[in-house]
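Quick look at run_27.cif (mmCIF, C-alpha atoms):
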```cif
data_my_file
loop_
_atom_site.group_PDB
_atom_site.id
_atom_site.type_symbol
_atom_site.label_atom_id
_atom_site.label_comp_id
_atom_site.auth_asym_id
_atom_site.auth_seq_id
_atom_site.Cartn_x
_atom_site.Cartn_y
_atom_site.Cartn_z
ATOM 1 C CA PHE H 1424 -9.791 3.739 -10.782
ATOM 2 C CA THR H 1425 -11.468 0.863 -8.967
ATOM 3 C CA LEU H 1426 -8.535 0.378 -6.584
ATOM 4 C CA CYS H 1427 -8.025 3.148 -4.018
ATOM 5 C CA ALA H 1428 -10.814 5.061 -5.789
ATOM 6 C CA PRO H 1429 -11.563 7.413 -2.849
ATOM 7 C CA ALA H 1430 -7.880 8.359 -2.654
ATOM 8 C CA HIS H 1431 -7.815 9.172 -6.370
ATOM 9 C CA GLU H 1432 -11.001 11.222 -6.095
ATOM 10 C CA LEU H 1433 -9.649 13.111 -3.086
ATOM 11 C CA ALA H 1434 -6.312 13.824 -4.805
ATOM 12 C CA ALA H 1435 -8.036 14.876 -8.023
ATOM 13 C CA ARG H 1436 -10.354 17.346 -6.289
ATOM 14 C CA ALA H 1437 -7.532 18.699 -4.126
ATOM 15 C CA ALA H 1438 -5.197 19.175 -7.107
ATOM 16 C CA LEU H 1439 -7.878 21.031 -9.075
ATOM 17 C CA ALA H 1440 -8.657 23.230 -6.073
ATOM 18 C CA ALA H 1441 -4.956 24.044 -5.668
ATOM 19 C CA ALA H 1442 -4.877 24.990 -9.361
ATOM 20 C CA GLY H 1443 -7.796 27.368 -8.790
ATOM 21 C CA ALA H 1444 -10.226 25.277 -10.806
ATOM 22 C CA GLY H 1445 -12.674 24.082 -8.208
ATOM 23 C CA PRO H 1446 -13.678 24.070 -4.549
ATOM 24 C CA ALA H 1447 -11.514 22.361 -1.970
ATOM 25 C CA PRO H 1448 -12.770 18.845 -1.288
ATOM 26 C CA ALA H 1449 -14.685 18.097 1.867
ATOM 27 C CA ASP H 1450 -12.779 16.232 4.534
ATOM 28 C CA GLY H 1451 -11.694 13.042 2.807
ATOM 29 C CA GLY H 1452 -10.122 11.466 5.859
ATOM 30 C CA LEU H 1453 -12.951 8.996 6.426
ATOM 31 C CA ALA H 1454 -13.030 7.816 2.805
ATOM 32 C CA LEU H 1455 -9.231 7.522 2.745
ATOM 33 C CA PHE H 1456 -9.286 5.531 5.977
ATOM 34 C CA ALA H 1457 -12.083 3.195 4.818
ATOM 35 C CA SER H 1458 -10.564 2.486 1.394
ATOM 36 C CA THR H 1459 -7.149 1.745 2.911
ATOM 37 C CA VAL H 1460 -8.688 -0.616 5.450
ATOM 38 C CA ARG H 1461 -10.666 -2.311 2.688
ATOM 39 C CA GLU H 1462 -7.560 -2.993 0.597
ATOM 40 C CA HIS H 1463 -5.648 -4.370 3.597
ATOM 41 C CA LEU H 1464 -8.558 -6.648 4.547
ATOM 42 C CA LEU H 1465 -8.796 -8.020 1.027
ATOM 43 C CA ARG H 1466 -5.119 -8.929 1.060
ATOM 44 C CA LEU H 1467 -5.116 -10.373 4.588
ATOM 45 C CA CYS H 1468 -8.429 -12.195 4.583
ATOM 46 C CA HIS H 1469 -9.019 -13.168 0.984
ATOM 47 C CA ASP H 1470 -6.114 -12.951 -1.459
ATOM 48 C CA TRP H 1471 -3.333 -14.361 0.709
ATOM 49 C CA PRO H 1472 -5.343 -17.225 2.249
ATOM 50 C CA CYS H 1473 -6.710 -18.214 -1.176
ATOM 51 C CA ARG H 1474 -3.251 -18.279 -2.743
ATOM 52 C CA HIS H 1475 -0.980 -19.357 0.085
ATOM 53 C CA ALA H 1476 -3.259 -21.295 2.462
ATOM 54 C CA PRO H 1477 -5.996 -22.949 0.352
ATOM 55 C CA GLY H 1478 -9.036 -23.936 2.343
ATOM 56 C CA ALA H 1479 -8.411 -21.268 4.984
ATOM 57 C CA ALA H 1480 -10.119 -18.421 3.154
ATOM 58 C CA PRO H 1481 -13.395 -17.219 4.665
ATOM 59 C CA ASP H 1482 -16.478 -16.603 2.587
ATOM 60 C CA LEU H 1483 -15.892 -13.188 1.025
ATOM 61 C CA PRO H 1484 -19.520 -11.950 1.185
ATOM 62 C CA ALA H 1485 -19.587 -12.836 4.888
ATOM 63 C CA LEU H 1486 -16.347 -10.930 5.368
ATOM 64 C CA ALA H 1487 -17.826 -7.895 3.647
ATOM 65 C CA ALA H 1488 -20.961 -8.060 5.768
ATOM 66 C CA ALA H 1489 -18.847 -8.219 8.918
ATOM 67 C CA ALA H 1490 -16.913 -5.067 8.054
ATOM 68 C CA PRO H 1491 -19.386 -2.148 8.141
ATOM 69 C CA LEU H 1492 -16.547 0.372 8.056
ATOM 70 C CA TRP H 1493 -16.074 -0.391 4.351
ATOM 71 C CA ALA H 1494 -19.215 1.603 3.679
ATOM 72 C CA PRO H 1495 -19.432 5.383 4.153
ATOM 73 C CA GLY H 1496 -20.317 6.397 7.674
ATOM 74 C CA GLY H 1497 -18.922 5.618 11.064
ATOM 75 C CA GLY H 1498 -17.770 9.155 11.763
ATOM 76 C CA ALA H 1499 -15.706 9.514 14.899
ATOM 77 C CA ASP H 1500 -16.279 5.830 15.728
ATOM 78 C CA ARG H 1501 -14.345 4.506 12.738
ATOM 79 C CA GLY H 1502 -11.269 3.594 14.794
ATOM 80 C CA ALA H 1503 -13.410 1.798 17.361
ATOM 81 C CA LEU H 1504 -15.229 -0.080 14.574
ATOM 82 C CA LEU H 1505 -11.940 -1.267 13.133
ATOM 83 C CA ALA H 1506 -10.581 -2.222 16.557
ATOM 84 C CA GLY H 1507 -13.695 -4.272 17.265
ATOM 85 C CA TRP H 1508 -13.482 -6.001 13.876
ATOM 86 C CA LEU H 1509 -9.806 -6.858 14.402
ATOM 87 C CA ARG H 1510 -10.510 -8.346 17.820
ATOM 88 C CA GLN H 1511 -13.514 -10.372 16.637
ATOM 89 C CA HIS H 1512 -12.387 -11.628 13.234
ATOM 90 C CA LEU H 1513 -8.590 -11.662 13.396
ATOM 91 C CA ALA H 1514 -8.214 -12.218 17.143
ATOM 92 C CA VAL H 1515 -5.856 -9.244 17.377
ATOM 93 C CA PRO H 1516 -4.765 -8.762 21.022
ATOM 94 C CA ALA H 1517 -6.363 -5.803 22.759
ATOM 95 C CA ASP H 1518 -3.005 -4.474 23.978
ATOM 96 C CA TRP H 1519 -1.860 -4.068 20.365
ATOM 97 C CA LEU H 1520 -4.702 -1.638 19.822
ATOM 98 C CA ARG H 1521 -3.454 0.439 22.759
ATOM 99 C CA ARG H 1522 0.304 0.212 22.294
ATOM 100 C CA GLY H 1523 0.835 -0.683 18.643
ATOM 101 C CA THR H 1524 2.760 -3.600 17.231
ATOM 102 C CA ASP H 1525 5.514 -4.583 14.794
ATOM 103 C CA ALA H 1526 6.498 -7.433 12.474
ATOM 104 C CA GLU H 1527 8.211 -9.350 15.274
ATOM 105 C CA ARG H 1528 5.056 -9.443 17.417
ATOM 106 C CA ILE H 1529 2.975 -10.473 14.426
ATOM 107 C CA ALA H 1530 5.375 -13.355 13.753
ATOM 108 C CA ALA H 1531 4.729 -14.695 17.257
ATOM 109 C CA TRP H 1532 0.973 -14.042 17.012
ATOM 110 C CA CYS H 1533 0.451 -15.916 13.757
ATOM 111 C CA GLU H 1534 2.129 -19.066 15.107
ATOM 112 C CA HIS H 1535 -0.804 -19.783 17.444
ATOM 113 C CA ASN H 1536 -3.736 -17.886 15.923
ATOM 114 C CA PRO H 1537 -6.394 -19.988 14.115
ATOM 115 C CA THR H 1538 -7.809 -17.228 11.881
ATOM 116 C CA PRO H 1539 -7.348 -17.558 8.087
ATOM 117 C CA ALA H 1540 -5.216 -14.412 7.946
ATOM 118 C CA ALA H 1541 -2.871 -15.782 10.614
ATOM 119 C CA GLN H 1542 -2.706 -19.149 8.855
ATOM 120 C CA ALA H 1543 -1.757 -17.466 5.597
ATOM 121 C CA LEU H 1544 0.915 -15.343 7.261
ATOM 122 C CA ARG H 1545 2.245 -18.409 9.101
ATOM 123 C CA THR H 1546 2.415 -20.354 5.841
ATOM 124 C CA MET H 1547 4.327 -17.548 4.124
ATOM 125 C CA ARG H 1548 6.583 -16.571 7.011
ATOM 126 C CA GLY H 1549 9.590 -18.889 6.537
ATOM 127 C CA ARG H 1550 9.887 -18.270 2.819
ATOM 128 C CA ALA H 1551 9.204 -14.556 3.160
ATOM 129 C CA GLN H 1552 11.844 -14.051 5.856
ATOM 130 C CA ALA H 1553 14.389 -15.763 3.600
ATOM 131 C CA LEU H 1554 13.636 -13.327 0.773
ATOM 132 C CA ALA H 1555 15.903 -10.470 1.747
ATOM 133 C CA THR H 1556 15.251 -7.238 -0.120
ATOM 134 C CA PRO H 1557 18.222 -5.030 -1.022
ATOM 135 C CA ALA H 1558 18.514 -1.608 0.507
ATOM 136 C CA ALA H 1559 16.684 1.223 -1.219
ATOM 137 C CA PRO H 1560 17.766 4.876 -0.988
ATOM 138 C CA GLY H 1561 15.316 5.295 1.878
ATOM 139 C CA VAL H 1562 11.537 5.419 1.843
ATOM 140 C CA LEU H 1563 9.484 7.876 -0.166
ATOM 141 C CA THR H 1564 8.664 10.784 2.161
ATOM 142 C CA LEU H 1565 6.844 14.088 1.849
ATOM 143 C CA ALA H 1566 10.241 15.796 1.841
ATOM 144 C CA ALA H 1567 10.652 14.577 -1.752
ATOM 145 C CA LEU H 1568 7.558 16.417 -3.004
ATOM 146 C CA PRO H 1569 9.395 19.514 -4.347
ATOM 147 C CA GLU H 1570 11.709 17.382 -6.492
ATOM 148 C CA ILE H 1571 8.864 15.151 -7.667
ATOM 149 C CA ALA H 1572 6.668 18.155 -8.518
ATOM 150 C CA ARG H 1573 9.447 19.719 -10.595
ATOM 151 C CA ARG H 1574 10.297 16.565 -12.496
ATOM 152 C CA LEU H 1575 6.692 15.415 -12.909
ATOM 153 C CA GLY H 1576 5.945 18.608 -14.814
ATOM 154 C CA ALA H 1577 9.197 18.876 -16.777
ATOM 155 C CA GLU H 1578 10.058 15.302 -17.789
ATOM 156 C CA ALA H 1579 7.957 13.358 -20.276
ATOM 157 C CA GLY H 1580 7.185 9.885 -19.022
ATOM 158 C CA TYR H 1581 8.246 10.659 -15.458
ATOM 159 C CA ALA H 1582 4.923 9.425 -14.050
ATOM 160 C CA LEU H 1583 5.622 5.953 -15.471
ATOM 161 C CA GLN H 1584 9.350 5.791 -14.672
ATOM 162 C CA PRO H 1585 9.871 8.037 -11.623
ATOM 163 C CA ARG H 1586 13.070 8.391 -9.676
ATOM 164 C CA LEU H 1587 14.728 10.828 -7.309
ATOM 165 C CA ASP H 1588 18.242 12.196 -7.624
ATOM 166 C CA SER H 1589 19.138 9.637 -4.938
ATOM 167 C CA GLY H 1590 17.546 6.699 -6.792
ATOM 168 C CA VAL H 1591 14.242 4.799 -6.582
ATOM 169 C CA PRO H 1592 12.818 4.746 -3.037
ATOM 170 C CA ASP H 1593 10.227 2.489 -1.425
ATOM 171 C CA THR H 1594 6.661 3.423 -0.626
ATOM 172 C CA GLY H 1595 3.975 1.480 1.192
ATOM 173 C CA PRO H 1596 2.309 1.081 4.577
ATOM 174 C CA TRP H 1597 5.829 0.846 6.026
ATOM 175 C CA SER H 1598 6.629 4.414 4.932
ATOM 176 C CA ARG H 1599 3.864 6.466 6.582
ATOM 177 C CA ALA H 1600 4.765 10.064 7.283
ATOM 178 C CA ALA H 1601 3.523 9.557 10.854
ATOM 179 C CA ASP H 1602 6.079 6.819 11.514
ATOM 180 C CA GLY H 1603 9.419 7.848 10.004
ATOM 181 C CA ALA H 1604 10.290 4.155 9.726
ATOM 182 C CA ALA H 1605 13.163 2.557 7.844
ATOM 183 C CA ALA H 1606 12.453 0.393 4.809
ATOM 184 C CA PRO H 1607 11.745 -3.312 5.491
ATOM 185 C CA VAL H 1608 14.654 -5.724 5.007
ATOM 186 C CA ASN H 1609 12.723 -8.744 3.725
ATOM 187 C CA ALA H 1610 9.421 -9.828 2.208
ATOM 188 C CA TRP H 1611 8.034 -10.882 5.596
ATOM 189 C CA GLU H 1612 8.302 -7.377 7.037
ATOM 190 C CA ARG H 1613 6.449 -6.041 4.001
ATOM 191 C CA LEU H 1614 3.646 -8.584 4.348
ATOM 192 C CA ALA H 1615 3.330 -7.991 8.095
ATOM 193 C CA SER H 1616 3.289 -4.219 7.574
ATOM 194 C CA ARG H 1617 -0.315 -4.427 6.348
ATOM 195 C CA LEU H 1618 -1.541 -5.832 9.640
ATOM 196 C CA VAL H 1619 0.687 -3.344 11.486
ATOM 197 C CA ASP H 1620 -0.957 -0.546 9.509
ATOM 198 C CA LEU H 1621 -4.449 -1.810 10.353
ATOM 199 C CA VAL H 1622 -3.633 -1.825 14.071
ATOM 200 C CA ARG H 1623 -2.214 1.697 13.889
ATOM 201 C CA LEU H 1624 -5.202 2.941 11.886
ATOM 202 C CA ALA H 1625 -7.510 1.606 14.597
ATOM 203 C CA ALA H 1626 -5.600 3.682 17.152
ATOM 204 C CA ASP H 1627 -5.347 6.771 14.908
ATOM 205 C CA PRO H 1628 -7.836 6.850 11.990
ATOM 206 C CA GLY H 1629 -6.468 10.201 10.814
ATOM 207 C CA ARG H 1630 -2.857 9.086 10.470
ATOM 208 C CA LEU H 1631 -2.888 8.954 6.643
ATOM 209 C CA ALA H 1632 -1.246 12.077 5.212
ATOM 210 C CA GLN H 1633 -3.085 14.098 2.585
ATOM 211 C CA GLY H 1634 -2.693 17.598 1.209
ATOM 212 C CA ALA H 1635 -2.274 19.875 -1.784
ATOM 213 C CA THR H 1636 -0.287 22.907 -2.889
ATOM 214 C CA ALA H 1637 -0.280 25.414 -5.755
ATOM 215 C CA LEU H 1638 2.943 25.061 -7.749
ATOM 216 C CA ASP H 1639 2.228 28.216 -9.766
ATOM 217 C CA ALA H 1640 -0.784 29.949 -11.271
ATOM 218 C CA GLY H 1641 -3.037 27.269 -12.705
ATOM 219 C CA THR H 1642 -0.967 24.288 -11.500
ATOM 220 C CA GLY H 1643 -1.769 22.151 -8.471
ATOM 221 C CA LEU H 1644 -0.189 19.132 -6.817
ATOM 222 C CA ALA H 1645 -2.034 16.859 -4.373
ATOM 223 C CA TRP H 1646 -1.014 13.786 -2.418
ATOM 224 C CA ALA H 1647 -2.594 11.080 -0.291
ATOM 225 C CA GLU H 1648 -1.257 8.023 1.502
ATOM 226 C CA THR H 1649 -3.013 4.854 0.329
ATOM 227 C CA ALA H 1650 -2.830 1.143 1.116
ATOM 228 C CA ARG H 1651 0.043 0.815 -1.354
ATOM 229 C CA GLY H 1652 1.917 4.012 -0.532
ATOM 230 C CA LEU H 1653 2.057 7.656 -1.574
ATOM 231 C CA LEU H 1654 -0.222 8.734 -4.443
ATOM 232 C CA LEU H 1655 0.274 12.026 -6.325
ATOM 233 C CA HIS H 1656 -1.873 13.975 -8.808
ATOM 234 C CA ARG H 1657 -0.568 17.004 -10.751
ATOM 235 C CA VAL H 1658 -2.839 19.174 -12.900
ATOM 236 C CA ARG H 1659 -2.307 22.264 -15.056
ATOM 237 C CA VAL H 1660 -5.356 24.327 -15.978
ATOM 238 C CA GLU H 1661 -5.475 26.915 -18.782
ATOM 239 C CA ASP H 1662 -8.501 29.093 -19.572
ATOM 240 C CA GLY H 1663 -10.720 26.993 -17.341
ATOM 241 C CA ARG H 1664 -9.783 23.701 -19.029
ATOM 242 C CA ILE H 1665 -7.391 20.923 -18.022
ATOM 243 C CA ALA H 1666 -4.310 21.270 -20.209
ATOM 244 C CA ASP H 1667 -2.186 18.555 -18.546
ATOM 245 C CA TYR H 1668 -2.896 15.876 -15.955
ATOM 246 C CA ARG H 1669 -0.429 13.389 -14.494
ATOM 247 C CA VAL H 1670 -0.935 10.640 -11.905
ATOM 248 C CA LEU H 1671 2.010 9.074 -10.105
ATOM 249 C CA ALA H 1672 0.836 5.898 -8.366
ATOM 250 C CA PRO H 1673 2.726 3.927 -5.683
ATOM 251 C CA THR H 1674 3.118 0.926 -7.989
ATOM 252 C CA GLU H 1675 5.347 2.958 -10.326
ATOM 253 C CA TRP H 1676 7.918 3.210 -7.512
ATOM 254 C CA ASN H 1677 7.560 -0.308 -6.127
ATOM 255 C CA PHE H 1678 7.552 -2.092 -9.502
ATOM 256 C CA HIS H 1679 10.154 0.186 -11.096
ATOM 257 C CA ALA H 1680 12.726 -1.538 -13.300
ATOM 258 C CA ASP H 1681 15.465 -0.206 -10.994
ATOM 259 C CA GLY H 1682 13.501 -0.611 -7.770
ATOM 260 C CA VAL H 1683 13.890 -2.953 -4.822
ATOM 261 C CA LEU H 1684 11.505 -5.599 -6.175
ATOM 262 C CA ALA H 1685 13.200 -5.754 -9.574
ATOM 263 C CA ARG H 1686 16.624 -6.137 -7.967
ATOM 264 C CA THR H 1687 15.307 -8.852 -5.645
ATOM 265 C CA LEU H 1688 13.758 -10.767 -8.547
ATOM 266 C CA GLN H 1689 17.041 -10.627 -10.470
ATOM 267 C CA ALA H 1690 18.692 -12.613 -7.663
ATOM 268 C CA LEU H 1691 16.165 -15.484 -7.890
ATOM 269 C CA ALA H 1692 16.769 -18.663 -9.835
ATOM 270 C CA PRO H 1693 14.570 -19.054 -12.946
ATOM 271 C CA GLU H 1694 12.617 -21.903 -11.333
ATOM 272 C CA ASP H 1695 11.679 -19.873 -8.220
ATOM 273 C CA GLY H 1696 8.298 -18.810 -9.576
ATOM 274 C CA ASP H 1697 6.523 -19.266 -6.237
ATOM 275 C CA ASP H 1698 9.002 -16.965 -4.522
ATOM 276 C CA ALA H 1699 8.545 -14.403 -7.287
ATOM 277 C CA GLU H 1700 4.780 -14.392 -6.722
ATOM 278 C CA LEU H 1701 5.269 -14.112 -2.967
ATOM 279 C CA LEU H 1702 7.539 -11.112 -3.510
ATOM 280 C CA ALA H 1703 4.924 -9.510 -5.756
ATOM 281 C CA ALA H 1704 2.303 -10.029 -3.025
ATOM 282 C CA ALA H 1705 4.634 -8.406 -0.490
ATOM 283 C CA PHE H 1706 4.885 -5.276 -2.663
ATOM 284 C CA ASP H 1707 1.130 -5.381 -3.446
ATOM 285 C CA PRO H 1708 0.695 -4.223 -7.054
ATOM 286 C CA CYS H 1709 -2.426 -2.537 -8.395
ATOM 287 C CA VAL H 1710 -2.823 -5.207 -11.102
ATOM 288 C CA PRO H 1711 -3.005 -9.027 -11.264
ATOM 289 C CA VAL H 1712 0.392 -10.724 -11.437
ATOM 290 C CA ARG H 1713 1.471 -14.140 -12.707
ATOM 291 C CA THR H 1714 4.887 -15.639 -13.250
ATOM 292 C CA LEU H 1715 6.108 -16.979 -16.573
ATOM 293 C CA THR H 1716 9.103 -19.315 -16.754
ATOM 294 C CA GLU H 1717 11.608 -18.785 -19.544
ATOM 295 C CA ALA H 1718 10.254 -21.853 -21.376
ATOM 296 C CA HIS H 1719 6.673 -20.611 -21.078
ATOM 297 C CA HIS H 1720 7.681 -17.128 -22.196
ATOM 298 C CA ALA H 1721 9.556 -18.549 -25.191
#
```
What does the file become when written as C-alpha cells?
Amino acid sequence: FTLCAPAHELAARAALAAAGAGPAPADGGLALFASTVREHLLRLCHDWPCRHAPGAAPDLPALAAAAPLWAPGGGADRGALLAGWLRQHLAVPADWLRRGTDAERIAAWCEHNPTPAAQALRTMRGRAQALATPAAPGVLTLAALPEIARRLGAEAGYALQPRLDSGVPDTGPWSRAADGAAAPVNAWERLASRLVDLVRLAADPGRLAQGATALDAGTGLAWAETARGLLLHRVRVEDGRIADYRVLAPTEWNFHADGVLARTLQALAPEDGDDAELLAAAFDPCVPVRTLTEAHHA
C-alpha cells in the first residue's frame, strides 16, 4: 500500500504478533504520526489548492523539503516540528497549538489568511457548508471492535461491505478515540477536520490509537488510526503459515453504498458534478475520483 503504508505495516506486524507468528512491532507511533501528517499536508497544500483554487498551489518539491517530519526521525521533537511548520507555512495561530481549535475557528481563519491552504478552504467553504450530510449511526469507535472482529472472520466479503448491527458509521480524523466527537454535519466540517487534526497532533503526537489483540489461538486483530480513519487487519495462522488475511480500510466505511456519502450523493441533482467531487474530497478516498454525468456514462 502506498497510501498510509506505515499504518498498514504497523497493523500487519501487530496482527501477526497477536496471532503468535512474529515479534511485536517496535513502537510505531512516530511512523503513524508522520504518515498521517503527510497525508493531511498533501490534501491541504497540494490537492485542494490545485483542484479548487488554481494558481494557489505551492511547488510540491519545495513543500516536501520544508516538511522534515515526513522523513523518519524527529523523536520527541515531532510535535514541535509540526507546530513550527504550521506556524511558518500555514500561518496557524500560536494559541491554536496550545488550546486546540475547531471548524468554526478555521472558518474565520481562512477568510483572512493568504496561504494556499487557506485560499482553497475559503474557496470551498460556502459550497461545502451547504452540502449537509445525513446523520450516521454515530462514528466508528474502538467499542465496535468485538463485533467487527466476529463478523470480519465469519462473513465472506465483510471487509469490502462492512456494517455494524446499528448501520454504517463514519470514520475519519473527526472520529479519533481521544476526542469522542460527534460526526460532522456537512462537508465543510469534514474538510476542516484535517487541519483540526494537524493542530491536535502538534499538541499530542501520540494521540493516534493503535493496538492488537489475540482473538483465539492463531488469530490476531490489529488496529491503527490513520489520516482517513480506523484501519483494521485480521490474520489467521495455521502451522506457521498465513491461512487467512483480511484488511478493512477506512474507505470501505466512508464510501459504502449505504454510507453517509452515498446518501448525500443521492440527494444531488445529476448536473451537480462539482459538488459531488467536493463531497468526495471531504471524505478523502484512497483512490482517484472523477465524476461521470449520465450522458457521459451512457
- Task: Would you mind telling me which residue in H:Gln1633, H:Asn1677, H:Thr1687, H:Asn1536 lies nearest to H:Ala1555 when using all atoms listed in the file?
- Result: H:Thr1687
- Counting all atoms listed in the file, the option among H:Asp1525, H:Glu1700, H:Asp1695, H:Glu1661 closest to H:Leu1439: H:Glu1661
- atom CA of H:His1469 sits from atom CA of H:Ala1705 at a separation of 14.5 Å
- When the PyMOL selection byres ((chain H and resi 1656) around 6) is applied to the file above, which residues end up in the set, as a list in words?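 For this structure, the PyMOL selection byres ((chain H and resi 1656) around 6) resolves to Ala1434, Leu1644, Ala1645, Leu1655, Arg1657, Arg1669 and Val1670 of chain H.
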- Might you pull out every residue within 10 Å of H:Asp1593, with all atoms listed in the file counted and same-chain residues fewer than 6 positions away left off, and present them as an MDAnalysis selection string? chainID H and resid 1558:1564 1605:1607 1652:1653 1673:1674 1676:1679 1682:1684 1706
- Message: Running the PyMOL selection byres ((chain H and resi 1467) around 12) on this model by hand, what would come out? Give it as a VMD selection string.
- Response: chain H and resid 1460 to 1466 1468 to 1476 1479 to 1481 1483 1486 1509 1512 to 1513 1538 to 1545 1547 1614 to 1621 1704 to 1705 1707
- Item | Ground truth for the PyMOL selection byres ((chain H and resi 1582-1591) around 6), written as a PyMOL selection string | chain H and resi 1580-1581+1592+1671+1675+1682
Dump of C-alpha atoms for the selected residues, as an mmCIF file, in the coordinates of the input:
```cif
data_model
loop_
_atom_site.group_PDB
_atom_site.id
_atom_site.type_symbol
_atom_site.label_atom_id
_atom_site.label_comp_id
_atom_site.auth_asym_id
_atom_site.auth_seq_id
_atom_site.Cartn_x
_atom_site.Cartn_y
_atom_site.Cartn_z
ATOM 1 C CA GLY H 1580 7.185 9.885 -19.022
ATOM 2 C CA TYR H 1581 8.246 10.659 -15.458
ATOM 3 C CA PRO H 1592 12.818 4.746 -3.037
ATOM 4 C CA LEU H 1671 2.010 9.074 -10.105
ATOM 5 C CA GLU H 1675 5.347 2.958 -10.326
ATOM 6 C CA GLY H 1682 13.501 -0.611 -7.770
#
```
Near stretch 1442-1457 of chain H, 10 Å: stretch 1594-1681 of chain H residue rows, closest pairs, all atoms listed in the file, as a Markdown table:
```
| residue | atom | partner | partner_atom | distance |
| --- | --- | --- | --- | --- |
| H:Leu1621 | CA | H:Phe1456 | CA | 9.8 |
| H:Leu1624 | CA | H:Phe1456 | CA | 7.6 |
| H:Ala1625 | CA | H:Phe1456 | CA | 9.6 |
| H:Asp1627 | CA | H:Phe1456 | CA | 9.8 |
| H:Pro1628 | CA | H:Phe1456 | CA | 6.3 |
| H:Gly1629 | CA | H:Gly1452 | CA | 6.3 |
| H:Arg1630 | CA | H:Phe1456 | CA | 8.6 |
| H:Leu1631 | CA | H:Phe1456 | CA | 7.3 |
| H:Ala1632 | CA | H:Gly1452 | CA | 8.9 |
| H:Gln1633 | CA | H:Gly1452 | CA | 8.2 |
| H:Ala1635 | CA | H:Ala1442 | CA | 9.5 |
| H:Thr1636 | CA | H:Ala1442 | CA | 8.2 |
| H:Ala1637 | CA | H:Ala1442 | CA | 5.9 |
| H:Leu1638 | CA | H:Ala1442 | CA | 8.0 |
| H:Asp1639 | CA | H:Ala1442 | CA | 7.8 |
| H:Ala1640 | CA | H:Ala1442 | CA | 6.7 |
| H:Gly1641 | CA | H:Ala1442 | CA | 4.4 |
| H:Thr1642 | CA | H:Ala1442 | CA | 4.5 |
| H:Gly1643 | CA | H:Ala1442 | CA | 4.3 |
| H:Leu1644 | CA | H:Ala1442 | CA | 7.9 |
| H:Ala1645 | CA | H:Ala1442 | CA | 10.0 |
| H:Ala1647 | CA | H:Leu1455 | CA | 8.1 |
| H:Glu1648 | CA | H:Leu1455 | CA | 8.1 |
| H:Thr1649 | CA | H:Leu1455 | CA | 7.2 |
| H:Ala1650 | CA | H:Leu1455 | CA | 9.2 |
| H:Arg1657 | CA | H:Ala1442 | CA | 9.2 |
| H:Val1658 | CA | H:Ala1442 | CA | 7.1 |
| H:Arg1659 | CA | H:Ala1442 | CA | 6.8 |
| H:Val1660 | CA | H:Ala1442 | CA | 6.7 |
| H:Glu1661 | CA | H:Ala1444 | CA | 9.4 |
| H:Asp1662 | CA | H:Ala1444 | CA | 9.7 |
| H:Gly1663 | CA | H:Ala1444 | CA | 6.8 |
| H:Arg1664 | CA | H:Ala1444 | CA | 8.4 |
| H:Ile1665 | CA | H:Ala1444 | CA | 8.9 |
```
- Mind giving me the straight-line distance from atom CA of H:Leu1426 to atom CA of H:Leu1520 in Å, one decimal?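 Atom-to-atom, atom CA of H:Leu1426 and atom CA of H:Leu1520 are spaced 26.8 Å apart.
Nearest-residue note for H:Trp1611: choosing from H:Glu1534, H:Ile1529, H:Ile1571, H:Arg1686, the minimum distance belongs to H:Ile1529, counting all atoms listed in the file.
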- Query: Quick one: distance from atom CA of H:Gln1511 to atom CA of H:Ala1531 in Å, one decimal?
  - Reply: 18.8 Å
- Item | For H:Leu1568, the nearest of the candidates H:Val1515, H:Arg1623, H:Gly1634, H:Cys1533, counting all atoms listed in the file | H:Gly1634
Please put the answer as AutoDock Vina command-line options: centre and edge lengths, in Å with one decimal, of a box along x, y and z that encloses all listed atoms of stretch 1438-1457 of chain H plus 5 Å on each side.
```
--center_x -9.8 --center_y 15.3 --center_z -2.2 --size_x 19.8 --size_y 34.2 --size_z 27.2
```
- Task: Could you check which of H:Ala1626, H:Leu1554, H:Ala1577, H:Val1608 is closest to H:Asp1697, using all atoms listed in the file?
- Result: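 The answer is H:Leu1554, which sits nearest to H:Asp1697.
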